[in-house]
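**Student:** I'd like to ask you about the structure that follows.
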Amino acid sequence: MSQIEFLQQLHRAGRIGRRELLGRISALGAGAAALTTVVASEDAYAAETPRRGGTMRMGVGGGSTTDSLDPSTWNDSVGTVGGFAFLEALIETGAGNKPEPGLAASWEAKAGATEWVFNLQKGVTFHNGKTFTADDAVFSINMHRGKTKSGAAGAFSAITDVKKTGENQITISLKSGDAEFPMVLTDYHCRMVPDGTTDFSKAIGTGAFTLGGYQPGVRVQGKHFANYWRKDRGFLDAFDLTVINDGTARLNALMSGQVDVINRVDPKVAGLIKTKKDFELVVSPGGWHTVVSLLQDKGALFENHDLRLAMKYGIDREQVVKTLLGGYGNVGMDHPIPRGDANFNTALKPTAFDPDKAKFHLKKSGFAGNVVIQSSEAAFAGAVDMATLFQGNLAKAGLKVDVKKEPADGFWSNVWLKGNCVVSYWAGRTTATQMLDVAYGPTAPWNESRYKNPKFAGLLDAARAEIDAGKRRTILFEAQALMSDDVAALIPAFRNSLDAHTTKVGGHVPTSLSDMDNSAIATRGWMKA
Amino acid sequence: MLRLVLQRLGFGGLTILAASVLIFVGTELLPGDLASAILQNTATPENLAEMRAQLGLDRPAPVRYIEWISHAAQGDLGVSLSNQRPVADELAPRLRNSFFLAGFAALVSVPLAVFLGLMAAIYQNSYYDRAVNFFTLMTISIPEYLVGYLLVKYFSVRWQIFPSLANVTSETGFLERIDLTFLPMLTLVLVVVAHMMRMTRASVLNIMASPYIEMAFLKGLTKARVVVRHAFPNALAPIIAVIALNLAYLVVGVVVVESVFVYPGLGQLLVDAVSKHDVPLVQACGLIFSCVFILLNLTADILGIISNPRLRRPR
């Protein structure tokens with residue numbers, strides 16, 4: 001999808017105004033003729049307005065019979081697409097990755113961004129009739145702190161205290177300053193539930209839907225919540241989510257009219273959907289990226305900078321995007337910041353495949369053995385193919401590579417974080433600093449390559465505490481450039497998320513984080529008459 | 001005969017017990033554990049330890065086995081480790097679904113297979129015989145997911161006669177259920193018919209070589225009558241055994257068909273449970289699968305005894 005189509009989809013869903021649409025298109029260097037065409041097509045579209053009513057049927061991949069409605073356990077698309085319909089966040093991710101008010105109406109930073117005050121929406125009720133207050137917010141955040149099984153535990157470890165400072169106000173204290181802290185609260189696990197909740201099976205929240213039916217790994221159904229507090233969302237009478245993990249079955253269900261919208265379209269058939277007039281493809285440039293982590297501990301193989309460079313020059317990133325992602329993706333530059341992020345270093349050029357340079361650095365490194373790449377389908381579909389592809393690439397540079405296919409069972413506990421050279425992935429994080437922190441921070445438990453460059457750590461600290469957006473951007477640019485050359489991780493490609501829907505679905509737009517309108521499609525989307 | 005049957009039942013019970021031990025040991029041997037499988041790359045040492053403690057994974061295995069098997073005998077299959085729902089609640093609707101689909105497919109395929117097999121035996125080496133042999137051999141050779149996709153391509157996408165999603169719920173009415181499960185049923189029928197049909201044909205033809213069949217022909221009976229009245233009853237035992245095997249397959253082995261048609265049956269549940277190391281769920285599924293298998297084979301055994309006059313009335 002071109003950038004113009006992307007902007008048009010945003011405009012049609014009412015996310016950006018007409019002035020912004022035209023402004024941004026002309027900023028792309030489009031001529032007057034192109035602009036006229038866009039205006040005409042947008043007029044023909046006649047400013048789609050949300051319609052109330054109807055049922056949206058979704059076919060969603062990424063669910064399992066072991067799913068639950070406890071937000072701290074969510075780890076895949078079905079969990080969040082279903083869950084977000086019932087439970088809401090304090091802060092939501094808006095266009096351009098900026099924080100947007102959710103259940104927190106406003107917020108401000110104090111004392112060098114180490115203390116944050118959040119003012120909560122008033123007059124919001126839970127599905128069980130209880131009013132939403134500061135107590136609920138404090139409880140819901142603390143669910144993910146300290147002794148917890150939550151997947152947000154890492155991101156929230158920076159929080160030192162959460163206090164109720166008024167009936168509708170909470171104050172959060174941090175270990176160190178973080179100018180982008182509101183974005184940390186958009187973590188998909190952090191949803192608001194009533195104070196003291198232990199049984200999550202009823203999905204009591206403040207969301208636009210109350211739980212209709214729930215069978216893990218099979219179905220999630222929601223009915224419109226009559227007392228929903230927002231008027232600009234929650235248009236559907238009901239939604240009916242069917243878990244369809246098989247890609248072909250998902251597409252079949254859409255094509256045969258049994259569902260209205262699906263996620264995770266196979267890149268191989270994405271082109272076909274674009275040619276059918278009853279269906280639309282939604283391409284979201286996402287933060288999901290493939291990683292080959294190289295252990296760079298003291299004494300480890302990849303402590304050798306030249307060997308790292310040999311690997312960096314010796315792999316064909318373009319080929320990964322072309323073959324593995326069917327062209328629906330972007331080449332990575334060995335740092336985890338996606339193109340859609342405001343802090344993405346635009347000056348950096350991707351490392352091109354250059355077997356001669358790789359050969360040069362290999363010789364300089366003095367390394368003569370074999371590199372073993374450990375890979376497993378547990379990481380992502382195609383992980384083993386990617387390793388095999390690199391085996392072929394690196395052979396041209398004279399570096400011998402063995403691909404070791406690891407069993408999917410126990411991959412995350414036995415191989416990941418332990419092997420010398422392991423293929424894995426990261427899903428995008430809400431902010432650049434959060435992403436760098438979680439996977440490359442010097443104290444992060446998931447620092448796969450044990451990256452401990454003090455210069456990088458300094459830049460990361462500085463960026464986190466910097467309140468001025470311009471200055472933060474400069475620091476992050478430097479951090480990305482440093483990583484690109486130095487870090488012992490290969491990040492060959494970023495993957496786009498591909499959704500598809502019938503033309504009856506409205507309000508389903510590309511986002512920069514994950515599929516299905518950042519999982520909020522039930523609340524934000526609508527069905528046309 | 002009663003002694004024989006009781007003996008078989010006793011062996012069946014012992015086999016189930018032995019299977020339960022195997023299942024338990026098997027789940028213990030899986031690499032990694034549930035806690036790390038759930039948390040994936042969001043695990044820290046702290047939340048990993050907390051989750052293990054919550055899940056009771058820190059107690060010794062024999063203690064957990066005795067606890068499990070004694071509870072299971074009383075119908076309590078425990079609580080799913082990953083979503084805290086009772087395993088029995090999780091299993092019941094899926095078990096019903098699996099049995100429904102298996103029953104539906106069996107109702108169509110067993111009479112069809114026996115009929116086709118008998119016809120093939122009667123008209124041995126005719127064009128009909130060759131055609132039906134060729135066709136069934138073809139359907140058994142094509143992987144079931146491809147059969148499923150082909151049916152979906154024509155019946156649901158192109159002609160829109162039957163739905164491609166068999167997403168039944170407990171509220172789905174009987175007729176709607178038949179409509180929703182029609183394509184999965186057809187897929188299964190195409191896959192299992194061949195085996196049963198060929199077995200029917202082969203065992204009937206085997207009997208046809210016996211002297212008493214020749215006697216029947218000499219009496220002047222028609223071939224159809226000889227096959228149906230004289231040969232078929234004596235060929236029943238191996239046919240019943242094959243039917244039982246195929247019925248067991250219809251209940252426990254259809255995970256591929258389930259995923260193609262998104263049918264909420266037991267197979268998918270087991271696969272999910274294994275990949276997430278949800279031990280109580282895996283064990284419960286394993287136990288049910290082995291019970292189904294053992295019971296069906298037991299039934300085949302007993303029916304085999306009943307169908308054989310020499311065993312039915314021992315001297």
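Convention: chains lettered A, B, ... in structure tokens order; per-chain residue numbering from 1; ligands numbered from 1 as shown.
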Please identify which residues in range 120-266 of chain B DSSP calls alpha helix (DSSP H) from the backbone, and express them as an MDAnalysis selection string.

**Tutor:** chainID B and resid 120:122 127:141 144:151 174:180 182:208 211:218 223:225 232:252 255:261 266

**Student:** Find the spatial neighbours of Ala202 in chain B, counting only C-alpha atoms, within a cut-off of 8 Å - ignore same-chain residues fewer than 4 positions away - and output them as a PyMOL selection string.

**Tutor:** chain B and resi 121+198+206

**Student:** Using only C-alpha atoms, find which residues of chain A lie within 9 Å of chain B and jot them down as a PyMOL selection string.

**Tutor:** chain A and resi 64-70+73+75+146-154+201+215-219+242-250+252-253+255-258+408-414+416+426+445-446

**Student:** Next, the residues of the selection above should be written as a short mmCIF file (atom, residue, chain, number, x, y, z; two decimals), in the first residue's frame with C-alpha atoms.

**Tutor:**
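Listing of again25.cif after writing:
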data_model
loop_
_atom_site.label_atom_id
_atom_site.label_comp_id
_atom_site.auth_asym_id
_atom_site.auth_seq_id
_atom_site.Cartn_x
_atom_site.Cartn_y
_atom_site.Cartn_z
CA SER A 64 -5.51 -21.09 21.95
CA THR A 65 -7.67 -23.20 24.22
CA THR A 66 -5.45 -22.11 27.06
CA ASP A 67 -6.39 -18.41 26.71
CA SER A 68 -8.09 -16.61 29.55
CA LEU A 69 -9.74 -13.23 30.18
CA ASP A 70 -7.16 -12.25 32.79
CA THR A 73 -2.01 -13.53 30.69
CA ASN A 75 -0.03 -12.88 24.76
CA GLY A 146 5.99 -7.14 42.23
CA LYS A 147 4.95 -10.77 42.70
CA THR A 148 3.06 -11.32 39.50
CA LYS A 149 2.87 -13.59 36.50
CA SER A 150 2.08 -10.66 34.23
CA GLY A 151 3.78 -10.14 30.90
CA ALA A 152 3.91 -6.42 31.70
CA ALA A 153 6.13 -7.01 34.74
CA GLY A 154 9.26 -6.03 32.82
CA SER A 201 -13.95 -14.98 33.84
CA GLN A 215 -14.92 -20.53 24.93
CA PRO A 216 -11.12 -20.29 24.94
CA GLY A 217 -9.56 -21.08 21.60
CA VAL A 218 -12.99 -21.22 19.94
CA ARG A 219 -15.11 -18.13 20.33
CA THR A 242 -14.20 -17.02 15.89
CA VAL A 243 -10.69 -18.28 16.50
CA ILE A 244 -9.28 -19.49 13.19
CA ASN A 245 -5.62 -20.37 13.48
CA ASP A 246 -5.28 -21.95 10.05
CA GLY A 247 -4.43 -19.26 7.48
CA THR A 248 -6.25 -20.86 4.57
CA ALA A 249 -9.34 -21.51 6.67
CA ARG A 250 -9.32 -17.85 7.74
CA ASN A 252 -11.88 -19.18 3.13
CA ALA A 253 -14.16 -17.89 5.87
CA MET A 255 -14.23 -15.32 0.94
CA SER A 256 -17.33 -17.43 1.62
CA GLY A 257 -18.88 -14.59 3.60
CA GLN A 258 -18.86 -16.29 6.99
CA ALA A 408 9.32 -25.97 19.30
CA ASP A 409 8.73 -27.50 22.70
CA GLY A 410 10.76 -25.76 25.33
CA PHE A 411 12.36 -23.38 22.85
CA TRP A 412 11.69 -20.32 25.01
CA SER A 413 13.05 -21.93 28.17
CA ASN A 414 15.96 -23.97 26.83
CA TRP A 416 16.30 -18.58 23.75
CA TRP A 426 10.26 -9.08 19.03
CA PRO A 445 16.54 -9.68 31.71
CA TRP A 446 15.75 -10.26 28.03
#

**Student:** Compile the contact shell of range 354-364 of chain A as JSON, numbers by chain: residues with an atom at most 6 Å away, counting only C-alpha atoms, same-chain residues fewer than 5 positions apart removed.

**Tutor:** {"A": [306, 307, 310, 313, 314, 397]}

**Student:** Export N, CA and C atoms of the chosen residues as an mmCIF file, in the first residue's frame?

**Tutor:**
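Below is the file selection07.cif, written as the result:
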data_model
loop_
_atom_site.group_PDB
_atom_site.id
_atom_site.type_symbol
_atom_site.label_atom_id
_atom_site.label_comp_id
_atom_site.auth_asym_id
_atom_site.auth_seq_id
_atom_site.Cartn_x
_atom_site.Cartn_y
_atom_site.Cartn_z
ATOM 1 N N ASP A 306 34.831 -7.680 14.496
ATOM 2 C CA ASP A 306 34.939 -7.983 13.058
ATOM 3 C C ASP A 306 34.063 -9.157 12.660
ATOM 4 N N LEU A 307 33.931 -10.125 13.563
ATOM 5 C CA LEU A 307 33.077 -11.263 13.248
ATOM 6 C C LEU A 307 31.613 -10.803 13.172
ATOM 7 N N ALA A 310 31.215 -9.155 9.928
ATOM 8 C CA ALA A 310 31.149 -10.150 8.848
ATOM 9 C C ALA A 310 29.731 -10.670 8.708
ATOM 10 N N TYR A 313 27.413 -7.793 7.180
ATOM 11 C CA TYR A 313 27.559 -7.583 5.733
ATOM 12 C C TYR A 313 27.200 -8.844 4.953
ATOM 13 N N GLY A 314 27.255 -9.985 5.641
ATOM 14 C CA GLY A 314 27.131 -11.254 4.933
ATOM 15 C C GLY A 314 25.715 -11.759 4.751
ATOM 16 N N ALA A 397 30.520 -15.566 1.611
ATOM 17 C CA ALA A 397 31.583 -14.789 2.248
ATOM 18 C C ALA A 397 32.628 -15.706 2.864
#

**Student:** Gly123 in chain A: which residues within 9 Å, counting only C-alpha atoms, same-chain residues fewer than 5 positions away excluded, as a ChimeraX atom specification?

**Tutor:** /A:131-133,229

**Student:** Go ahead and write the selection's residues with C-alpha atoms as a short mmCIF file (atom, residue, chain, number, x, y, z; two decimals), in the first residue's frame.

**Tutor:**
data_model
loop_
_atom_site.label_atom_id
_atom_site.label_comp_id
_atom_site.auth_asym_id
_atom_site.auth_seq_id
_atom_site.Cartn_x
_atom_site.Cartn_y
_atom_site.Cartn_z
CA THR A 131 -18.23 3.46 39.48
CA PHE A 132 -14.65 3.62 38.22
CA THR A 133 -12.37 5.39 40.74
CA TRP A 229 -19.27 6.20 28.67
#

**Student:** Counting only C-alpha atoms, which residues of range 132-191 of chain B fall within 10 Å of range 110-119 of chain B, and what is the closest atom pair for each with its distance in Å at one decimal, ordered by chain and rising number, as a Markdown table?

**Tutor:**
| residue | atom | partner | partner_atom | distance |
| --- | --- | --- | --- | --- |
| B:Val132 | CA | B:Leu116 | CA | 7.7 |
| B:Asn133 | CA | B:Gly117 | CA | 9.2 |
| B:Thr136 | CA | B:Ala113 | CA | 9.9 |
| B:Val189 | CA | B:Val110 | CA | 8.8 |

**Student:** Please produce a file of the residues just selected, as a PDB file, in the first residue's frame, where the atoms kept are C-alpha atoms.

**Tutor:**
ATOM      1  CA  VAL B 132     -14.560 -48.117  -7.046  1.00  0.00           C
ATOM      2  CA  ASN B 133     -11.142 -49.522  -6.153  1.00  0.00           C
ATOM      3  CA  THR B 136     -11.224 -45.077  -3.042  1.00  0.00           C
ATOM      4  CA  VAL B 189     -16.074 -40.071   4.841  1.00  0.00           C
TER       5      VAL B 189
END

**Student:** Using only C-alpha atoms, determine which residues lie at most 10 Å from Cys285 in chain B, disregarding the query and same-chain residues fewer than 4 positions distant; provide the list as a VMD selection string.

**Tutor:** chain B and resid 23 77 87 91 95 252 266 to 267 269 to 271 273 279 to 281 289 to 291

**Student:** Taking N, CA, C and O atoms for each residue, export the selection above as an mmCIF file, in the first residue's frame.

**Tutor:**
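Result file is selection-v4.cif:
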data_model
loop_
_atom_site.group_PDB
_atom_site.id
_atom_site.type_symbol
_atom_site.label_atom_id
_atom_site.label_comp_id
_atom_site.auth_asym_id
_atom_site.auth_seq_id
_atom_site.Cartn_x
_atom_site.Cartn_y
_atom_site.Cartn_z
ATOM 1 N N ILE B 23 0.758 -41.896 30.004
ATOM 2 C CA ILE B 23 0.385 -40.501 29.741
ATOM 3 C C ILE B 23 1.059 -39.578 30.747
ATOM 4 O O ILE B 23 1.645 -38.558 30.395
ATOM 5 N N LEU B 77 -11.358 -34.057 36.866
ATOM 6 C CA LEU B 77 -10.160 -34.071 36.036
ATOM 7 C C LEU B 77 -9.231 -32.907 36.336
ATOM 8 O O LEU B 77 -8.272 -32.652 35.631
ATOM 9 N N VAL B 87 -11.223 -28.650 33.966
ATOM 10 C CA VAL B 87 -10.941 -29.393 32.740
ATOM 11 C C VAL B 87 -12.215 -30.032 32.191
ATOM 12 O O VAL B 87 -12.457 -30.049 30.986
ATOM 13 N N LEU B 91 -13.671 -29.842 28.502
ATOM 14 C CA LEU B 91 -13.740 -31.034 27.665
ATOM 15 C C LEU B 91 -15.143 -31.341 27.172
ATOM 16 O O LEU B 91 -15.332 -31.702 26.019
ATOM 17 N N LEU B 95 -15.977 -32.763 23.608
ATOM 18 C CA LEU B 95 -16.174 -34.204 23.511
ATOM 19 C C LEU B 95 -17.470 -34.475 22.763
ATOM 20 O O LEU B 95 -17.526 -35.315 21.851
ATOM 21 N N VAL B 252 -10.424 -39.577 17.522
ATOM 22 C CA VAL B 252 -9.182 -39.053 18.090
ATOM 23 C C VAL B 252 -8.196 -38.511 17.061
ATOM 24 O O VAL B 252 -7.260 -37.817 17.425
ATOM 25 N N LEU B 266 -11.947 -32.290 20.037
ATOM 26 C CA LEU B 266 -10.923 -32.634 21.033
ATOM 27 C C LEU B 266 -9.499 -32.514 20.505
ATOM 28 O O LEU B 266 -8.591 -32.177 21.251
ATOM 29 N N GLY B 267 -9.300 -32.797 19.220
ATOM 30 C CA GLY B 267 -7.946 -32.828 18.666
ATOM 31 C C GLY B 267 -7.237 -31.497 18.862
ATOM 32 O O GLY B 267 -6.111 -31.442 19.350
ATOM 33 N N LEU B 269 -7.901 -29.195 20.937
ATOM 34 C CA LEU B 269 -7.693 -28.966 22.366
ATOM 35 C C LEU B 269 -6.401 -29.633 22.823
ATOM 36 O O LEU B 269 -5.598 -29.036 23.534
ATOM 37 N N LEU B 270 -6.191 -30.867 22.370
ATOM 38 C CA LEU B 270 -5.000 -31.603 22.789
ATOM 39 C C LEU B 270 -3.744 -30.913 22.255
ATOM 40 O O LEU B 270 -2.770 -30.734 22.987
ATOM 41 N N VAL B 271 -3.783 -30.505 20.989
ATOM 42 C CA VAL B 271 -2.601 -29.874 20.404
ATOM 43 C C VAL B 271 -2.252 -28.587 21.160
ATOM 44 O O VAL B 271 -1.102 -28.345 21.530
ATOM 45 N N ALA B 273 -3.082 -27.808 24.185
ATOM 46 C CA ALA B 273 -2.686 -28.123 25.551
ATOM 47 C C ALA B 273 -1.242 -28.592 25.590
ATOM 48 O O ALA B 273 -0.471 -28.214 26.471
ATOM 49 N N VAL B 279 -0.675 -29.454 31.585
ATOM 50 C CA VAL B 279 -0.624 -30.872 31.919
ATOM 51 C C VAL B 279 -1.993 -31.496 32.236
ATOM 52 O O VAL B 279 -2.335 -32.525 31.659
ATOM 53 N N PRO B 280 -2.807 -30.896 33.120
ATOM 54 C CA PRO B 280 -4.094 -31.546 33.413
ATOM 55 C C PRO B 280 -4.932 -31.757 32.154
ATOM 56 O O PRO B 280 -5.577 -32.799 31.995
ATOM 57 N N LEU B 281 -4.887 -30.782 31.252
ATOM 58 C CA LEU B 281 -5.671 -30.873 30.023
ATOM 59 C C LEU B 281 -5.125 -31.985 29.122
ATOM 60 O O LEU B 281 -5.876 -32.788 28.574
ATOM 61 N N PHE B 289 -8.808 -40.234 25.074
ATOM 62 C CA PHE B 289 -8.441 -40.853 23.803
ATOM 63 C C PHE B 289 -8.156 -42.337 23.998
ATOM 64 O O PHE B 289 -8.610 -43.177 23.222
ATOM 65 N N SER B 290 -7.406 -42.662 25.060
ATOM 66 C CA SER B 290 -7.089 -44.079 25.226
ATOM 67 C C SER B 290 -8.344 -44.857 25.586
ATOM 68 O O SER B 290 -8.514 -45.995 25.144
ATOM 69 N N CYS B 291 -9.243 -44.249 26.366
ATOM 70 C CA CYS B 291 -10.497 -44.944 26.697
ATOM 71 C C CYS B 291 -11.294 -45.226 25.426
ATOM 72 O O CYS B 291 -11.804 -46.339 25.241
#

**Student:** Tell me which protein, DNA and RNA residues are within 12 Å of Gly332 in chain A, counting only C-alpha atoms, leaving out same-chain ones fewer than 6 positions away, and put them as a VMD selection string.

**Tutor:** chain A and resid 287 to 292 312 315 to 321 338 to 339 344 to 345 348 to 352 480 483 to 484 489 to 495

**Student:** With a distance cut-off of 9 Å and only C-alpha atoms, select the neighbouring residues of range 262-265 of chain A, excluding the residue or stretch itself and same-chain residues fewer than 2 positions from it, and output the selection as number ranges by chain.

**Tutor:** A: 57-62, 77, 244, 247-248, 250-251, 253-254, 259-260, 267-270, 281, 497-501, 515-516

**Student:** Pull N, CA, C and O atoms from the residues just selected and write them as an mmCIF file, in the first residue's frame.

**Tutor:**
data_model
loop_
_atom_site.group_PDB
_atom_site.id
_atom_site.type_symbol
_atom_site.label_atom_id
_atom_site.label_comp_id
_atom_site.auth_asym_id
_atom_site.auth_seq_id
_atom_site.Cartn_x
_atom_site.Cartn_y
_atom_site.Cartn_z
ATOM 1 N N ARG A 57 -18.556 -9.913 12.519
ATOM 2 C CA ARG A 57 -18.047 -11.274 12.691
ATOM 3 C C ARG A 57 -16.575 -11.286 12.307
ATOM 4 O O ARG A 57 -16.218 -10.893 11.210
ATOM 5 N N MET A 58 -15.740 -11.704 13.228
ATOM 6 C CA MET A 58 -14.299 -11.667 12.968
ATOM 7 C C MET A 58 -13.731 -13.080 12.954
ATOM 8 O O MET A 58 -14.157 -13.934 13.719
ATOM 9 N N GLY A 59 -12.765 -13.291 12.085
ATOM 10 C CA GLY A 59 -12.009 -14.534 12.100
ATOM 11 C C GLY A 59 -10.586 -14.181 12.488
ATOM 12 O O GLY A 59 -9.875 -13.551 11.715
ATOM 13 N N VAL A 60 -10.174 -14.545 13.687
ATOM 14 C CA VAL A 60 -8.897 -14.076 14.195
ATOM 15 C C VAL A 60 -7.949 -15.243 14.460
ATOM 16 O O VAL A 60 -8.336 -16.226 15.098
ATOM 17 N N GLY A 61 -6.746 -15.133 13.963
ATOM 18 C CA GLY A 61 -5.720 -16.114 14.242
ATOM 19 C C GLY A 61 -4.901 -15.681 15.442
ATOM 20 O O GLY A 61 -4.730 -14.488 15.674
ATOM 21 N N GLY A 62 -4.352 -16.640 16.185
ATOM 22 C CA GLY A 62 -3.542 -16.291 17.354
ATOM 23 C C GLY A 62 -4.305 -16.517 18.634
ATOM 24 O O GLY A 62 -4.267 -15.699 19.536
ATOM 25 N N SER A 77 -3.091 -12.321 19.555
ATOM 26 C CA SER A 77 -4.127 -11.462 18.988
ATOM 27 C C SER A 77 -5.534 -11.715 19.519
ATOM 28 O O SER A 77 -6.280 -10.775 19.762
ATOM 29 N N ILE A 244 -9.635 -18.670 14.360
ATOM 30 C CA ILE A 244 -9.278 -19.488 13.189
ATOM 31 C C ILE A 244 -7.768 -19.421 13.042
ATOM 32 O O ILE A 244 -7.230 -18.450 12.533
ATOM 33 N N GLY A 247 -4.379 -20.398 8.393
ATOM 34 C CA GLY A 247 -4.427 -19.256 7.483
ATOM 35 C C GLY A 247 -5.376 -19.441 6.320
ATOM 36 O O GLY A 247 -6.135 -18.530 5.970
ATOM 37 N N THR A 248 -5.369 -20.614 5.721
ATOM 38 C CA THR A 248 -6.250 -20.861 4.574
ATOM 39 C C THR A 248 -7.705 -20.866 5.017
ATOM 40 O O THR A 248 -8.577 -20.321 4.336
ATOM 41 N N ARG A 250 -8.943 -19.239 7.437
ATOM 42 C CA ARG A 250 -9.320 -17.854 7.738
ATOM 43 C C ARG A 250 -9.740 -17.142 6.456
ATOM 44 O O ARG A 250 -10.763 -16.485 6.385
ATOM 45 N N LEU A 251 -8.912 -17.301 5.435
ATOM 46 C CA LEU A 251 -9.205 -16.647 4.162
ATOM 47 C C LEU A 251 -10.490 -17.219 3.555
ATOM 48 O O LEU A 251 -11.334 -16.473 3.039
ATOM 49 N N ALA A 253 -13.016 -18.395 5.120
ATOM 50 C CA ALA A 253 -14.160 -17.891 5.867
ATOM 51 C C ALA A 253 -14.534 -16.486 5.388
ATOM 52 O O ALA A 253 -15.699 -16.140 5.267
ATOM 53 N N LEU A 254 -13.520 -15.686 5.078
ATOM 54 C CA LEU A 254 -13.788 -14.327 4.578
ATOM 55 C C LEU A 254 -14.396 -14.396 3.181
ATOM 56 O O LEU A 254 -15.405 -13.750 2.894
ATOM 57 N N VAL A 259 -17.288 -14.600 7.727
ATOM 58 C CA VAL A 259 -16.821 -13.558 8.633
ATOM 59 C C VAL A 259 -16.639 -12.276 7.827
ATOM 60 O O VAL A 259 -16.550 -12.308 6.598
ATOM 61 N N ASP A 260 -16.593 -11.140 8.543
ATOM 62 C CA ASP A 260 -16.478 -9.854 7.865
ATOM 63 C C ASP A 260 -15.039 -9.357 7.815
ATOM 64 O O ASP A 260 -14.684 -8.535 6.982
ATOM 65 N N PRO A 267 0.957 -13.249 3.151
ATOM 66 C CA PRO A 267 1.474 -12.302 2.144
ATOM 67 C C PRO A 267 1.351 -12.836 0.724
ATOM 68 O O PRO A 267 1.193 -12.058 -0.219
ATOM 69 N N LYS A 268 1.375 -14.161 0.567
ATOM 70 C CA LYS A 268 1.320 -14.736 -0.778
ATOM 71 C C LYS A 268 -0.007 -14.443 -1.465
ATOM 72 O O LYS A 268 -0.084 -14.405 -2.684
ATOM 73 N N VAL A 269 -1.086 -14.285 -0.682
ATOM 74 C CA VAL A 269 -2.388 -14.055 -1.314
ATOM 75 C C VAL A 269 -2.866 -12.615 -1.157
ATOM 76 O O VAL A 269 -3.927 -12.259 -1.637
ATOM 77 N N ALA A 270 -2.050 -11.788 -0.491
ATOM 78 C CA ALA A 270 -2.469 -10.408 -0.246
ATOM 79 C C ALA A 270 -2.745 -9.680 -1.556
ATOM 80 O O ALA A 270 -3.705 -8.917 -1.682
ATOM 81 N N LEU A 281 -7.745 -4.736 1.690
ATOM 82 C CA LEU A 281 -6.589 -5.168 2.451
ATOM 83 C C LEU A 281 -6.141 -3.994 3.316
ATOM 84 O O LEU A 281 -6.117 -2.858 2.856
ATOM 85 N N SER A 497 1.703 -5.907 9.340
ATOM 86 C CA SER A 497 0.541 -6.742 9.646
ATOM 87 C C SER A 497 -0.450 -6.583 8.519
ATOM 88 O O SER A 497 -0.676 -5.487 8.032
ATOM 89 N N LEU A 498 -1.051 -7.696 8.108
ATOM 90 C CA LEU A 498 -2.020 -7.653 7.021
ATOM 91 C C LEU A 498 -3.383 -8.119 7.527
ATOM 92 O O LEU A 498 -3.514 -9.234 7.992
ATOM 93 N N ASP A 499 -4.365 -7.230 7.467
ATOM 94 C CA ASP A 499 -5.748 -7.597 7.756
ATOM 95 C C ASP A 499 -6.520 -7.510 6.457
ATOM 96 O O ASP A 499 -6.092 -6.846 5.515
ATOM 97 N N ALA A 500 -7.685 -8.127 6.416
ATOM 98 C CA ALA A 500 -8.564 -7.947 5.265
ATOM 99 C C ALA A 500 -9.994 -7.927 5.757
ATOM 100 O O ALA A 500 -10.327 -8.569 6.754
ATOM 101 N N HIS A 501 -10.836 -7.124 5.092
ATOM 102 C CA HIS A 501 -12.252 -7.117 5.462
ATOM 103 C C HIS A 501 -13.112 -6.964 4.217
ATOM 104 O O HIS A 501 -12.628 -6.604 3.149
ATOM 105 N N ASP A 515 -2.038 -5.757 14.559
ATOM 106 C CA ASP A 515 -3.134 -5.919 13.614
ATOM 107 C C ASP A 515 -4.485 -5.566 14.232
ATOM 108 O O ASP A 515 -4.591 -5.247 15.405
ATOM 109 N N MET A 516 -5.514 -5.636 13.423
ATOM 110 C CA MET A 516 -6.897 -5.366 13.825
ATOM 111 C C MET A 516 -7.023 -4.017 14.551
ATOM 112 O O MET A 516 -7.565 -3.937 15.644
#

**Student:** For CA of Pro101 in chain A and CA of Lys175 in chain A, quote the distance in Å rounded to one decimal.

**Tutor:**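 Value for the CA of Pro101 in chain A-CA of Lys175 in chain A distance: 24.0 Å.
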
**Student:** Compare B:Ala61, B:Ser98, B:Leu183, B:Thr172 by their minimum atom-to-atom distance to Tyr154 in chain B, counting only C-alpha atoms, and give me the closest one.

**Tutor:**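 When distances to Tyr154 in chain B are compared using only C-alpha atoms, the smallest one comes from B:Leu183.
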